[in-house]
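Below: the structure, in structure tokens.
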Amino acid sequence: MTVATDTTARNGASNSGDSTVVEGTDLSKQYDTPMGLAHTTMQALKDRIKLHYDLASDYYLNLWGEHIHHGYWATDGSKANDSKEVAQIALIRLLLDISGVSSGNRVLDVGCGIGGTSRYLASQLGCSVTGITISTKQVELAKRLTKSEAAKEKSSSQSQSQQQEVGEDSEGYIPLGKGKVRFIELDAEKMGEFFASDAGAFDAVWISEALSHFPNKALFFQNAYKVLKPGGKLALADWFKNEGLDQKQFDDDIKPIEDGMLLPPLCTQADYVNFAKEAGLKLLGGPKDISNDVSKTWDISWSLVQNPSLWAFAFSQGRDGIAFLQAFRAMRRGYANGSFRYAVISFEK
């Protein structure tokens with residue numbers, strides 16, 4: 001695996017155009033595993049994704065914080081000085097800017113993880129946010145973290161005798177800052193049916209680094225069109241493969257990512273634009289390729305996962321757990337080689 005603490009790997013490959021990435025630590029070599037185990041069915045893939053996030057979400061929270069997505073370092077100054085937490089908020093702000101999602105919007109956050117973005121949109125923008133995830137554990141964590149944050153808000157404005165436990169309203173919403181948020185366990189491919197009574201009711205659909213997990217990406221855009229009101233916005237950030245890769249580039253850089261990150265075949269940015277247009281959505285902003293400004297995420301990630309307890313946990317989960325951590329090497333190599341890309345895009349109904 002790549003070594004984030006190695007100066008060459010951290011600074012040279014990702015910034016100089018040299019595609020050589022330093023690989024290997026004693027820890028990573030100990031748990032080396034072959035790549036390429038195919039997903040037998042799309043349902044089997046979904047089951048593996050759900051299991052992964054049910055088992056690993058506590059580790060994500062402890063290692064990466066409440067925002068389980070890339071950071072965005074747009075300037076040399078930010079690359080030198082900004083923490084991952086600051087950079088993660090910067091990515092949210094970029095997606096807000098490119099999409100026009102605004103204060104007070106009713107938002108559907110698809111693949112919400114443990115709710116970091118949902119909470120941000122509710123507390124900072126006063127949005128009414130519904131977060132959906134396939135993971136039971138993520139719903140539990142998202143609710144716990146949201147209630148804890150809401151309780152801190154209340155405690156700052158009430159005396160100790162007035163303090164009460166924060167609960168959910170009749171629709172499952174938790175009041176937070178200027179807005180409110182709720183979390184639902186749901187396979188996102190069923191969101192069109194689940195929200196049929198709310199068809200055309202959402203001001204915005206938000207999806208950050210989740211669509212790459214979906215087997216049927218065209219269906220997602222069709223469902224987004226269904227739930228959005230006229231003029232509603234779709235804000236999207238995701239991972240992509242580059243255009244025109246040869247077989248060796250795909251086998252070296254993309255296949256290990258698909259395998260370790262539990263992904264069906266990655267798309268290009270143009271694929272997403274085409275899917276959206278076929279569903280009736282109009283391109284609003286982008287695609288804005290920010291690969292060079294987010295790749296630092298994987299230097300930080302690799303340094304974080306050098307914790308032996310995380311490798312022991314991954315090893316206990318068998319092949320999928322080890323392949324996931326092994327994929328970090330391919331992510332960094334893919335960014336360095338230009339074969340793996342990251343972009344934000346927005347659409348309008």
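Convention: chains lettered A, B, ... in structure tokens order; per-chain residue numbering from 1; ligands numbered from 1 as shown.
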
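Using only C-alpha atoms, the residues found no farther than 9 Å from A:Gly111, other than those of its own chain fewer than 5 positions away, are A:Gly131, A:Ile132, A:Thr133, A:Ile134, A:Asp187, A:Ala188, A:Trp206, A:Ile207, A:Ser208, A:Glu209, A:Ala210, A:Leu211.
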
Selection from above, C-alpha atoms, as a tab-separated table (two decimals), in the first residue's frame, can you write it?
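So again39.tsv came out as:
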chain	number	residue	atom	x	y	z
A	131	GLY	CA	-31.12	11.54	5.10
A	132	ILE	CA	-31.33	8.00	3.74
A	133	THR	CA	-28.79	5.17	3.98
A	134	ILE	CA	-28.85	1.42	3.43
A	187	ASP	CA	-32.17	1.31	-0.29
A	188	ALA	CA	-31.77	4.43	-2.41
A	206	TRP	CA	-27.98	15.87	-2.45
A	207	ILE	CA	-25.67	12.91	-3.12
A	208	SER	CA	-22.00	12.91	-2.19
A	209	GLU	CA	-19.76	9.93	-2.97
A	210	ALA	CA	-22.64	7.47	-2.86
A	211	LEU	CA	-23.86	7.08	-6.44

Which parts of stretch 141-312 of chain A does DSSP call strand (DSSP E or B) when run on the backbone here, written out as a PyMOL selection string? chain A and resi 174-176+179-185+202-208+228-241+282-289

Just want the 8 Å neighbourhood of stretch 58-66 of chain A, counted on only C-alpha atoms, with same-chain residues fewer than 6 positions away dropped. Output as a list in words. Glu85, Ile114, Gly115, Gly116, Ser301, Leu304, Val305 and Leu310 of chain A

Got a sec: who's within 7 Å of A:Ser346, counting only C-alpha atoms, leaving out chain neighbours fewer than 5 positions off, as a PyMOL selection string? chain A and resi 98-99+233-236+283-286

Keeping only N, CA and C atoms, write those residues as an mmCIF file, in the first residue's frame.
data_model
loop_
_atom_site.group_PDB
_atom_site.id
_atom_site.type_symbol
_atom_site.label_atom_id
_atom_site.label_comp_id
_atom_site.auth_asym_id
_atom_site.auth_seq_id
_atom_site.Cartn_x
_atom_site.Cartn_y
_atom_site.Cartn_z
ATOM 1 N N ILE A 98 -22.156 25.470 -6.482
ATOM 2 C CA ILE A 98 -22.362 25.030 -7.852
ATOM 3 C C ILE A 98 -23.814 24.621 -8.111
ATOM 4 N N SER A 99 -24.543 24.288 -7.045
ATOM 5 C CA SER A 99 -25.914 23.799 -7.216
ATOM 6 C C SER A 99 -26.987 24.846 -6.940
ATOM 7 N N LYS A 233 -33.089 21.256 -7.523
ATOM 8 C CA LYS A 233 -31.682 21.059 -7.838
ATOM 9 C C LYS A 233 -31.200 19.665 -7.409
ATOM 10 N N LEU A 234 -30.307 19.108 -8.203
ATOM 11 C CA LEU A 234 -29.580 17.896 -7.841
ATOM 12 C C LEU A 234 -28.113 18.266 -7.678
ATOM 13 N N ALA A 235 -27.582 18.102 -6.461
ATOM 14 C CA ALA A 235 -26.178 18.404 -6.164
ATOM 15 C C ALA A 235 -25.434 17.087 -6.007
ATOM 16 N N LEU A 236 -24.362 16.922 -6.766
ATOM 17 C CA LEU A 236 -23.707 15.623 -6.856
ATOM 18 C C LEU A 236 -22.189 15.770 -6.796
ATOM 19 N N LEU A 283 -28.416 20.174 -17.202
ATOM 20 C CA LEU A 283 -27.122 20.447 -16.594
ATOM 21 C C LEU A 283 -27.096 21.887 -16.102
ATOM 22 N N LEU A 284 -26.752 22.076 -14.846
ATOM 23 C CA LEU A 284 -26.735 23.405 -14.238
ATOM 24 C C LEU A 284 -25.307 23.906 -14.031
ATOM 25 N N GLY A 285 -24.452 23.056 -13.487
ATOM 26 C CA GLY A 285 -23.077 23.455 -13.227
ATOM 27 C C GLY A 285 -22.128 22.283 -13.349
ATOM 28 N N GLY A 286 -20.943 22.514 -13.910
ATOM 29 C CA GLY A 286 -19.953 21.463 -14.068
ATOM 30 C C GLY A 286 -20.179 20.641 -15.326
#

Select, from A:Lys46, A:Lys226, A:Lys190, A:Lys79, the residue with the minimum atom-to-atom distance to A:Thr297, counting only C-alpha atoms.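 Residue with the minimum atom-to-atom distance to A:Thr297: A:Lys79.
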
Would you kindly return, as a ChimeraX atom specification, each protein, DNA or RNA residue with an atom no farther than 10 Å from any atom of A:Asp198, considering only C-alpha atoms and excluding same-chain residues fewer than 2 positions away? /A:192-196,200-202,226-229

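The interatomic distance for the pair atom CA of A:Ala343 and atom CA of A:Thr268 works out to 9.9 Å.
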
Identify, on the basis of only C-alpha atoms, every residue whose closest approach to stretch 47-49 of chain A does not exceed 8 Å; exclude the query and any residue fewer than 4 positions from it along the same chain; express the result as a short mmCIF file (atom, residue, chain, number, x, y, z; two decimals) with C-alpha atoms, in the first residue's frame.
data_model
loop_
_atom_site.label_atom_id
_atom_site.label_comp_id
_atom_site.auth_asym_id
_atom_site.auth_seq_id
_atom_site.Cartn_x
_atom_site.Cartn_y
_atom_site.Cartn_z
CA GLN A 43 -28.13 -7.83 -4.63
CA TYR A 53 -21.06 0.09 6.68
CA LEU A 262 -17.44 -2.49 -3.27
#

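If only C-alpha atoms are the atoms counted, then among A:Phe313, A:Lys282, A:Pro256, A:Lys152 the closest residue to A:Phe328 is A:Pro256.
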
List the spatial neighbours of A:Ala204 as a PyMOL selection string - criterion: any atom at most 12 Å away, only C-alpha atoms, same-chain residues fewer than 4 positions off excluded. chain A and resi 95-96+99-110+121+127-130+200+224-236+346-349

Kindly give the distance, in Å, that separates atom CA of A:Leu245 and atom CA of A:Ser339, rounded to a single decimal. 7.0 Å

DSSP-assigned alpha helix (DSSP H) members of stretch 227-325 of chain A, reported as a PyMOL selection string: chain A and resi 227+247-249+255-260+269-278+291-294+296-304+308-316+319-325

Would you mind exporting the chosen residues as a tab-separated table (two decimals), in the first residue's frame, restricted to N, CA and C atoms?
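File written: selection_12.tsv
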chain	number	residue	atom	x	y	z
A	227	VAL	N	-38.76	12.99	-7.45
A	227	VAL	CA	-38.97	13.60	-6.13
A	227	VAL	C	-38.73	15.10	-6.13
A	247	GLN	N	-6.52	-1.05	-21.25
A	247	GLN	CA	-6.79	-2.17	-20.36
A	247	GLN	C	-5.82	-2.20	-19.18
A	248	LYS	N	-4.56	-1.88	-19.44
A	248	LYS	CA	-3.59	-1.90	-18.34
A	248	LYS	C	-3.90	-0.82	-17.31
A	249	GLN	N	-4.24	0.37	-17.77
A	249	GLN	CA	-4.61	1.44	-16.84
A	249	GLN	C	-5.82	1.04	-16.00
A	255	LYS	N	-9.71	-1.22	-11.44
A	255	LYS	CA	-10.25	-2.49	-10.97
A	255	LYS	C	-10.04	-2.71	-9.47
A	256	PRO	N	-8.85	-2.42	-8.91
A	256	PRO	CA	-8.70	-2.58	-7.46
A	256	PRO	C	-9.59	-1.64	-6.65
A	257	ILE	N	-9.88	-0.45	-7.19
A	257	ILE	CA	-10.78	0.47	-6.50
A	257	ILE	C	-12.20	-0.09	-6.50
A	258	GLU	N	-12.66	-0.52	-7.67
A	258	GLU	CA	-14.00	-1.10	-7.75
A	258	GLU	C	-14.13	-2.29	-6.81
A	259	ASP	N	-13.09	-3.10	-6.76
A	259	ASP	CA	-13.14	-4.30	-5.95
A	259	ASP	C	-13.11	-3.98	-4.46
A	260	GLY	N	-12.13	-3.20	-4.04
A	260	GLY	CA	-11.97	-2.93	-2.62
A	260	GLY	C	-13.03	-2.02	-2.04
A	269	GLN	N	-17.50	11.03	-16.10
A	269	GLN	CA	-18.34	12.19	-15.81
A	269	GLN	C	-19.39	12.39	-16.90
A	270	ALA	N	-19.01	12.12	-18.15
A	270	ALA	CA	-19.96	12.26	-19.25
A	270	ALA	C	-21.12	11.27	-19.13
A	271	ASP	N	-20.85	10.10	-18.57
A	271	ASP	CA	-21.93	9.12	-18.36
A	271	ASP	C	-23.02	9.70	-17.46
A	272	TYR	N	-22.60	10.34	-16.37
A	272	TYR	CA	-23.58	10.91	-15.44
A	272	TYR	C	-24.40	12.01	-16.12
A	273	VAL	N	-23.74	12.84	-16.89
A	273	VAL	CA	-24.46	13.90	-17.60
A	273	VAL	C	-25.49	13.30	-18.54
A	274	ASN	N	-25.11	12.25	-19.23
A	274	ASN	CA	-26.04	11.60	-20.16
A	274	ASN	C	-27.21	10.96	-19.43
A	275	PHE	N	-26.93	10.27	-18.31
A	275	PHE	CA	-28.02	9.67	-17.53
A	275	PHE	C	-29.01	10.74	-17.06
A	276	ALA	N	-28.48	11.86	-16.59
A	276	ALA	CA	-29.33	12.94	-16.08
A	276	ALA	C	-30.20	13.53	-17.18
A	277	LYS	N	-29.60	13.78	-18.33
A	277	LYS	CA	-30.36	14.35	-19.44
A	277	LYS	C	-31.44	13.38	-19.91
A	278	GLU	N	-31.13	12.10	-19.95
A	278	GLU	CA	-32.12	11.10	-20.35
A	278	GLU	C	-33.28	11.04	-19.37
A	291	SER	N	-10.03	16.90	-8.97
A	291	SER	CA	-9.20	15.77	-8.53
A	291	SER	C	-7.93	16.23	-7.81
A	292	ASN	N	-7.24	17.22	-8.37
A	292	ASN	CA	-5.99	17.67	-7.77
A	292	ASN	C	-6.20	18.37	-6.43
A	293	ASP	N	-7.43	18.80	-6.18
A	293	ASP	CA	-7.71	19.53	-4.94
A	293	ASP	C	-8.36	18.67	-3.86
A	294	VAL	N	-8.59	17.40	-4.17
A	294	VAL	CA	-9.14	16.49	-3.17
A	294	VAL	C	-8.22	15.30	-2.89
A	296	LYS	N	-5.41	14.90	-1.64
A	296	LYS	CA	-4.75	14.89	-0.34
A	296	LYS	C	-5.52	14.06	0.68
A	297	THR	N	-6.82	13.89	0.45
A	297	THR	CA	-7.65	13.07	1.33
A	297	THR	C	-7.02	11.71	1.57
A	298	TRP	N	-6.45	11.14	0.53
A	298	TRP	CA	-5.95	9.77	0.66
A	298	TRP	C	-4.56	9.70	1.27
A	299	ASP	N	-3.81	10.79	1.26
A	299	ASP	CA	-2.60	10.86	2.07
A	299	ASP	C	-2.98	10.82	3.55
A	300	ILE	N	-3.95	11.65	3.90
A	300	ILE	CA	-4.41	11.70	5.30
A	300	ILE	C	-5.03	10.36	5.69
A	301	SER	N	-5.86	9.79	4.81
A	301	SER	CA	-6.53	8.53	5.11
A	301	SER	C	-5.52	7.43	5.40
A	302	TRP	N	-4.48	7.39	4.57
A	302	TRP	CA	-3.50	6.32	4.76
A	302	TRP	C	-2.77	6.46	6.08
A	303	SER	N	-2.45	7.68	6.48
A	303	SER	CA	-1.80	7.87	7.77
A	303	SER	C	-2.73	7.47	8.91
A	304	LEU	N	-4.02	7.71	8.75
A	304	LEU	CA	-4.99	7.37	9.79
A	304	LEU	C	-5.16	5.87	9.94
A	308	PRO	N	-2.88	-0.41	14.01
A	308	PRO	CA	-2.96	-1.88	13.95
A	308	PRO	C	-4.33	-2.44	14.29
A	309	SER	N	-5.07	-1.74	15.17
A	309	SER	CA	-6.39	-2.25	15.55
A	309	SER	C	-7.34	-2.23	14.37
A	310	LEU	N	-7.20	-1.25	13.47
A	310	LEU	CA	-8.06	-1.20	12.30
A	310	LEU	C	-7.74	-2.33	11.35
A	311	TRP	N	-6.45	-2.63	11.17
A	311	TRP	CA	-6.07	-3.75	10.31
A	311	TRP	C	-6.54	-5.06	10.92
A	312	ALA	N	-6.43	-5.18	12.23
A	312	ALA	CA	-6.92	-6.40	12.88
A	312	ALA	C	-8.42	-6.56	12.67
A	313	PHE	N	-9.15	-5.44	12.78
A	313	PHE	CA	-10.59	-5.49	12.52
A	313	PHE	C	-10.86	-5.90	11.08
A	314	ALA	N	-10.16	-5.28	10.14
A	314	ALA	CA	-10.36	-5.61	8.73
A	314	ALA	C	-10.05	-7.08	8.48
A	315	PHE	N	-8.97	-7.57	9.08
A	315	PHE	CA	-8.60	-8.97	8.90
A	315	PHE	C	-9.69	-9.89	9.44
A	316	SER	N	-10.30	-9.50	10.55
A	316	SER	CA	-11.37	-10.31	11.14
A	316	SER	C	-12.60	-10.37	10.25
A	319	ARG	N	-11.99	-11.20	3.51
A	319	ARG	CA	-11.46	-10.66	2.28
A	319	ARG	C	-11.95	-9.24	1.97
A	320	ASP	N	-13.24	-8.94	2.21
A	320	ASP	CA	-13.76	-7.62	1.91
A	320	ASP	C	-13.11	-6.54	2.76
A	321	GLY	N	-12.89	-6.84	4.04
A	321	GLY	CA	-12.27	-5.86	4.92
A	321	GLY	C	-10.86	-5.52	4.52
A	322	ILE	N	-10.08	-6.53	4.16
A	322	ILE	CA	-8.70	-6.29	3.74
A	322	ILE	C	-8.67	-5.60	2.39
A	323	ALA	N	-9.50	-6.05	1.46
A	323	ALA	CA	-9.52	-5.43	0.13
A	323	ALA	C	-9.88	-3.96	0.20
A	324	PHE	N	-10.74	-3.59	1.16
A	324	PHE	CA	-11.11	-2.19	1.33
A	324	PHE	C	-9.88	-1.35	1.67
A	325	LEU	N	-9.10	-1.79	2.65
A	325	LEU	CA	-7.92	-1.02	3.01
A	325	LEU	C	-6.86	-1.08	1.92

Would you work out the distance separating atom CA of A:Gly334 from atom CA of A:His69, expressed in Å to one decimal? 17.3 Å

Just checking: using only C-alpha atoms, which residue out of A:Ala199, A:His70, A:Lys50, A:Arg182 ends up closest to A:Asn223?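 Of A:Ala199, A:His70, A:Lys50, A:Arg182, the one nearest A:Asn223, counting only C-alpha atoms, is A:Ala199.
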